Amino acid sequence: MPPFIKESINDIIDDDIPDLEPVIDPTLDKQLQPSKEKYSIKIVWRNVILMSALHIAAIYGAYLCFVSAKWQTNLAAFVLYQMGGLGITAGCHRLWAHKAYKARLPLRILLAMFQTIAFQNHIYEWSRDHRVHHKYSETDADPHNSRRGFFFAHVGWLLVRKHPDVIRKGRQIGMDDLMRDPVVRVQRKYYLPLVLFFCFIMPTYVPYLFWNESLYNGFYICALLRYAWTLNMTWLVNSAAHFWGRHPYDKEIMPAENYFTVYGALGEGFHNYHHTFPWDYAASELGWRFNVSTMFINAMHAIGLAYDLKQVSPEMIMKRKQRTGDVPLKGNYGLYHPSTTKIDELKSE
Ligand SMILES: [Zn+2]
Ligand SMILES: [Zn+2]
């Protein structure tokens with residue numbers, strides 16, 4: 001495991017946390033006064049139709065997995081799910097949105113390709129939405145505000161026009177750091193052709209070219225089913241992990257430790273931990289346990305492509321649990337949160 005890069009929360013906040021504060025620009029401030037307009041839900045029917053069609057096609061793709069696909073095709077769909085998932089978790093989320101570690105150019109290019117396979121908007125937009133989500137969690141400015149219900153937090157937020165507060169606050173979020181990264185700029189500029197190739201054409205043709213699968217199966221299984229599955233696993237972080245689970249680190253916030261999401265989203269379901277310590281590259285205090293994304297980042301660190309991995313010290317985690325977690329009230333969570341056993345020791349000091 002990498003060494004603790006930072007020991008003090010103040011060091012981390014001062015030096016390395018992405019600039020989540022509003023841009024101090026008086027002219028912009030004036031334009032961004034709270035709007036007087038009353039918000040009413042406007043459904044984007046094009047998205048409703050496309051998303052419905054995608055999910056119907058994905059169900060058909062799942063059927064084809066069992067009745068006509070070669071095993072290599074099903075395996076390829078799984079591998080593409082892992083690749084796209086890592087593009088979102090290790091790439092867009094932990095690297096670009098949170099700057100929880102740094103990556104050299106070859107790794108950034110690889111992660112941008114992976115992120116394009118997942119087709120969840122380009123890195124810049126995904127990261128901006130995510131920074132707004134952290135800064136304004138469970139408010140109207142949160143793009144997938146879970147106070148509007150499970151369905152809205154899961155997929156509904158993509159089917160309606162954004163709340164004006166999301167747009168307003170999104171414009172205020174500092175994103176200059178991402179625009180300085182040429183990988184982010186190039187991916188943003190050529191996003192449409194890139195996404196057509198990486199999310200649809202490549203997954204359709206690889207099974208056809210390498211093991212003589214039909215294009216039909218490649219399209220329905222490796223492109224559409226795999227795409228819909230990855231989307232839903234990512235959305236669980238916004239829905240399930242904001243509704244169900246324990247709150248060992250901060251009992252006052254909705255994000256929770258949701259184990260189903262941990263498995264589906266490659267280690268991203270430790271969401272109470274993540275909202276409490278968003279700069280931790282591992283997004284968990286449990287190292288590799290159920291955390292494919294952390295394994296991947298550690299592997300990249302081992303070969304020198306990832307560096308400056310930020311991690312919260314066990315002492316800081318323990319103190320935070322004692323101060324704001326529900327562990328002192330609800331007891332030790334055993335296997336899943338081992339350092340809780342030390343809380344009693346800490347109290348007796
Ligand atoms: Zn969240
Ligand atoms: Zn996050």
# chains A, B, ... in the order shown; residues from 1 in each chain; ligands from 1
call {"tool": "residues_near_ligand", "arguments": {"ligand": "ligand 2", "cutoff": "8 Å", "atoms": "only C-alpha atoms and all ligand atoms", "output": "list in words"}}
result
His93, Arg94, Ala97, His98, His130, Arg131, His133, His134, His274, His275 and Pro278 of chain A
call {"tool": "closest_atom_pairs", "arguments": {"of": "chain A", "to": "ligand 1", "cutoff": "9 Å", "atoms": "only C-alpha atoms and all ligand atoms", "output": "tab-separated table"}}
result
residue	atom	partner	partner_atom_place_in_ligand_line	distance
A:His130	CA	ligand 1	1 (Zn)	8.2
A:His133	CA	ligand 1	1 (Zn)	6.6
A:His134	CA	ligand 1	1 (Zn)	6.5
A:Ser137	CA	ligand 1	1 (Zn)	7.1
A:Glu138	CA	ligand 1	1 (Zn)	8.9
A:His144	CA	ligand 1	1 (Zn)	8.7
A:Ser146	CA	ligand 1	1 (Zn)	8.9
A:Val237	CA	ligand 1	1 (Zn)	6.4
A:Asn238	CA	ligand 1	1 (Zn)	5.4
A:Ser239	CA	ligand 1	1 (Zn)	8.4
A:Ala241	CA	ligand 1	1 (Zn)	7.3
A:His242	CA	ligand 1	1 (Zn)	6.4
A:Met254	CA	ligand 1	1 (Zn)	8.5
A:Pro255	CA	ligand 1	1 (Zn)	5.9
A:Ala256	CA	ligand 1	1 (Zn)	8.8
A:His271	CA	ligand 1	1 (Zn)	6.4
A:Asn272	CA	ligand 1	1 (Zn)	8.3
A:His274	CA	ligand 1	1 (Zn)	7.9
A:His275	CA	ligand 1	1 (Zn)	6.5
call {"tool": "closest_atom_pairs", "arguments": {"of": "region 185-264 of chain A", "to": "region 55-73 of chain A", "cutoff": "12 Å", "atoms": "only C-alpha atoms", "output": "Markdown table"}}
result
| residue | atom | partner | partner_atom | distance |
| --- | --- | --- | --- | --- |
| A:Pro203 | CA | A:Thr73 | CA | 9.6 |
| A:Thr204 | CA | A:Thr73 | CA | 9.8 |
| A:Tyr205 | CA | A:Thr73 | CA | 10.8 |
| A:Val206 | CA | A:Thr73 | CA | 9.0 |
| A:Pro207 | CA | A:Thr73 | CA | 6.0 |
| A:Tyr208 | CA | A:Thr73 | CA | 9.1 |
| A:Leu209 | CA | A:Thr73 | CA | 11.4 |
| A:Phe210 | CA | A:Gln72 | CA | 9.5 |
| A:Trp211 | CA | A:Gln72 | CA | 7.5 |
| A:Asn212 | CA | A:Lys70 | CA | 9.2 |
| A:Glu213 | CA | A:Lys70 | CA | 6.9 |
| A:Ser214 | CA | A:Ala69 | CA | 8.4 |
| A:Leu215 | CA | A:Thr73 | CA | 10.7 |
| A:Tyr216 | CA | A:Gly61 | CA | 9.6 |
| A:Asn217 | CA | A:Ala69 | CA | 6.3 |
| A:Gly218 | CA | A:Thr73 | CA | 6.9 |
| A:Phe219 | CA | A:Gly61 | CA | 8.4 |
| A:Tyr220 | CA | A:Gly61 | CA | 4.7 |
| A:Ile221 | CA | A:Gly61 | CA | 4.8 |
| A:Cys222 | CA | A:Thr73 | CA | 7.0 |
| A:Ala223 | CA | A:Ala58 | CA | 9.0 |
| A:Leu224 | CA | A:Ala58 | CA | 5.5 |
| A:Leu225 | CA | A:Ala58 | CA | 4.0 |
| A:Arg226 | CA | A:Ala58 | CA | 7.7 |
| A:Tyr227 | CA | A:Ala58 | CA | 8.3 |
| A:Ala228 | CA | A:Ala58 | CA | 6.4 |
| A:Trp229 | CA | A:Ala58 | CA | 8.0 |
| A:Thr230 | CA | A:Ala58 | CA | 11.2 |
| A:Leu231 | CA | A:His55 | CA | 10.4 |
| A:Asn232 | CA | A:His55 | CA | 10.1 |
call {"tool": "residues_around", "arguments": {"residues": "Val184 (chain A)", "least_positions_apart": "3", "cutoff": "9 Å", "atoms": "only C-alpha atoms", "output": "JSON, numbers by chain"}}
result
{"A": [96, 108, 112, 122, 123, 124, 178, 179, 180, 181, 187, 188, 189]}
call {"tool": "closest_residue", "arguments": {"among": "A:Leu286, A:Met295, A:Met300, A:Val155", "to": "Trp235 (chain A)", "atoms": "only C-alpha atoms"}}
result
A:Val155
call {"tool": "atom_distance", "arguments": {"atom1": "CA of Trp244 (chain A)", "atom2": "CA of Ile317 (chain A)"}}
result
21.4 Å
call {"tool": "select_by_dssp", "arguments": {"residues": "region 197-333 of chain A", "states": "helix (DSSP H, G or I)", "output": "PyMOL selection string"}}
result
chain A and resi 197-211+215-238+240-242+259-264+271-276+292-302+314-324+327-330
call {"tool": "write_last_selection", "arguments": {"atoms": "C-alpha atoms", "output": "compact mmCIF listing (two decimals), in the first residue's frame"}}
result
# COMPACT_ATOMS: atom_id res chain seq x y z
CA PHE A 197 -16.45 4.45 -31.63
CA PHE A 198 -15.62 3.41 -28.06
CA CYS A 199 -19.11 2.79 -26.70
CA PHE A 200 -20.84 1.30 -29.77
CA ILE A 201 -18.68 0.48 -32.82
CA MET A 202 -15.66 -1.10 -31.09
CA PRO A 203 -17.76 -3.30 -28.74
CA THR A 204 -19.86 -4.46 -31.71
CA TYR A 205 -16.93 -5.29 -34.00
CA VAL A 206 -14.41 -6.83 -31.59
CA PRO A 207 -16.46 -10.06 -31.10
CA TYR A 208 -17.09 -10.22 -34.86
CA LEU A 209 -13.42 -9.78 -35.78
CA PHE A 210 -11.81 -11.95 -33.10
CA TRP A 211 -14.14 -14.92 -32.57
CA LEU A 215 -22.58 -8.27 -35.35
CA TYR A 216 -26.14 -8.54 -34.03
CA ASN A 217 -25.03 -10.24 -30.79
CA GLY A 218 -22.04 -7.94 -30.46
CA PHE A 219 -24.29 -4.89 -30.72
CA TYR A 220 -27.01 -6.05 -28.32
CA ILE A 221 -24.71 -7.62 -25.73
CA CYS A 222 -21.33 -5.85 -25.76
CA ALA A 223 -22.68 -2.43 -26.71
CA LEU A 224 -26.24 -2.00 -25.44
CA LEU A 225 -26.58 -4.47 -22.54
CA ARG A 226 -23.09 -3.66 -21.25
CA TYR A 227 -23.77 0.09 -21.57
CA ALA A 228 -27.12 -0.06 -19.73
CA TRP A 229 -25.64 -2.28 -17.01
CA THR A 230 -22.69 0.06 -16.40
CA LEU A 231 -25.04 3.05 -16.28
CA ASN A 232 -27.23 1.40 -13.66
CA MET A 233 -24.29 0.33 -11.53
CA THR A 234 -22.99 3.90 -11.55
CA TRP A 235 -26.43 5.33 -10.81
CA LEU A 236 -26.69 3.11 -7.73
CA VAL A 237 -24.03 5.29 -6.13
CA ASN A 238 -26.40 8.26 -6.44
CA ALA A 240 -29.06 3.27 -3.29
CA ALA A 241 -25.89 4.59 -1.64
CA HIS A 242 -27.74 7.77 -0.67
CA TYR A 259 -22.48 -3.05 -0.07
CA PHE A 260 -24.42 -3.99 -3.17
CA THR A 261 -23.24 -0.75 -4.74
CA VAL A 262 -19.68 -1.52 -3.64
CA TYR A 263 -19.69 -4.68 -5.77
CA GLY A 264 -21.54 -3.19 -8.76
CA HIS A 271 -20.35 6.40 0.22
CA ASN A 272 -20.57 7.64 3.82
CA TYR A 273 -16.78 7.37 3.93
CA HIS A 274 -16.43 9.03 0.54
CA HIS A 275 -18.62 12.05 1.35
CA THR A 276 -16.74 12.43 4.65
CA VAL A 292 -11.40 -3.07 -7.80
CA SER A 293 -10.81 0.63 -8.46
CA THR A 294 -8.33 0.88 -5.58
CA MET A 295 -6.56 -2.28 -6.81
CA PHE A 296 -6.29 -0.71 -10.24
CA ILE A 297 -4.86 2.56 -8.90
CA ASN A 298 -2.39 0.63 -6.73
CA ALA A 299 -1.30 -1.41 -9.77
CA MET A 300 -0.75 1.80 -11.72
CA HIS A 301 1.16 3.22 -8.74
CA ALA A 302 3.37 0.12 -8.69
CA PRO A 314 -6.31 5.71 10.57
CA GLU A 315 -6.11 8.11 13.54
CA MET A 316 -8.09 10.75 11.71
CA ILE A 317 -10.67 8.20 10.64
CA MET A 318 -11.04 6.93 14.19
CA LYS A 319 -11.45 10.40 15.64
CA ARG A 320 -14.02 11.28 13.02
CA LYS A 321 -15.99 8.12 13.73
CA GLN A 322 -16.01 8.92 17.40
CA ARG A 323 -17.05 12.52 16.82
CA THR A 324 -19.70 12.27 14.09
CA VAL A 327 -20.65 3.70 15.59
CA PRO A 328 -20.59 4.82 19.25
CA LEU A 329 -24.40 4.61 19.21
CA LYS A 330 -24.92 1.49 17.11
call {"tool": "select_by_dssp", "arguments": {"residues": "region 38-207 of chain A", "states": "strand (DSSP E or B)", "output": "PyMOL selection string"}}
result
chain A and resi 43+102-103+160
call {"tool": "atom_distance", "arguments": {"atom1": "CA of Ala100 (chain A)", "atom2": "CA of Val186 (chain A)"}}
result
22.1 Å
call {"tool": "closest_residue", "arguments": {"among": "A:Ile173, A:Leu196, A:Ile49, A:Ile253", "to": "Gly325 (chain A)", "atoms": "only C-alpha atoms"}}
result
A:Ile253
call {"tool": "closest_residue", "arguments": {"among": "A:Val166, A:Leu54, A:Leu105, A:Leu86", "to": "Tyr39 (chain A)", "atoms": "only C-alpha atoms"}}
result
A:Val166
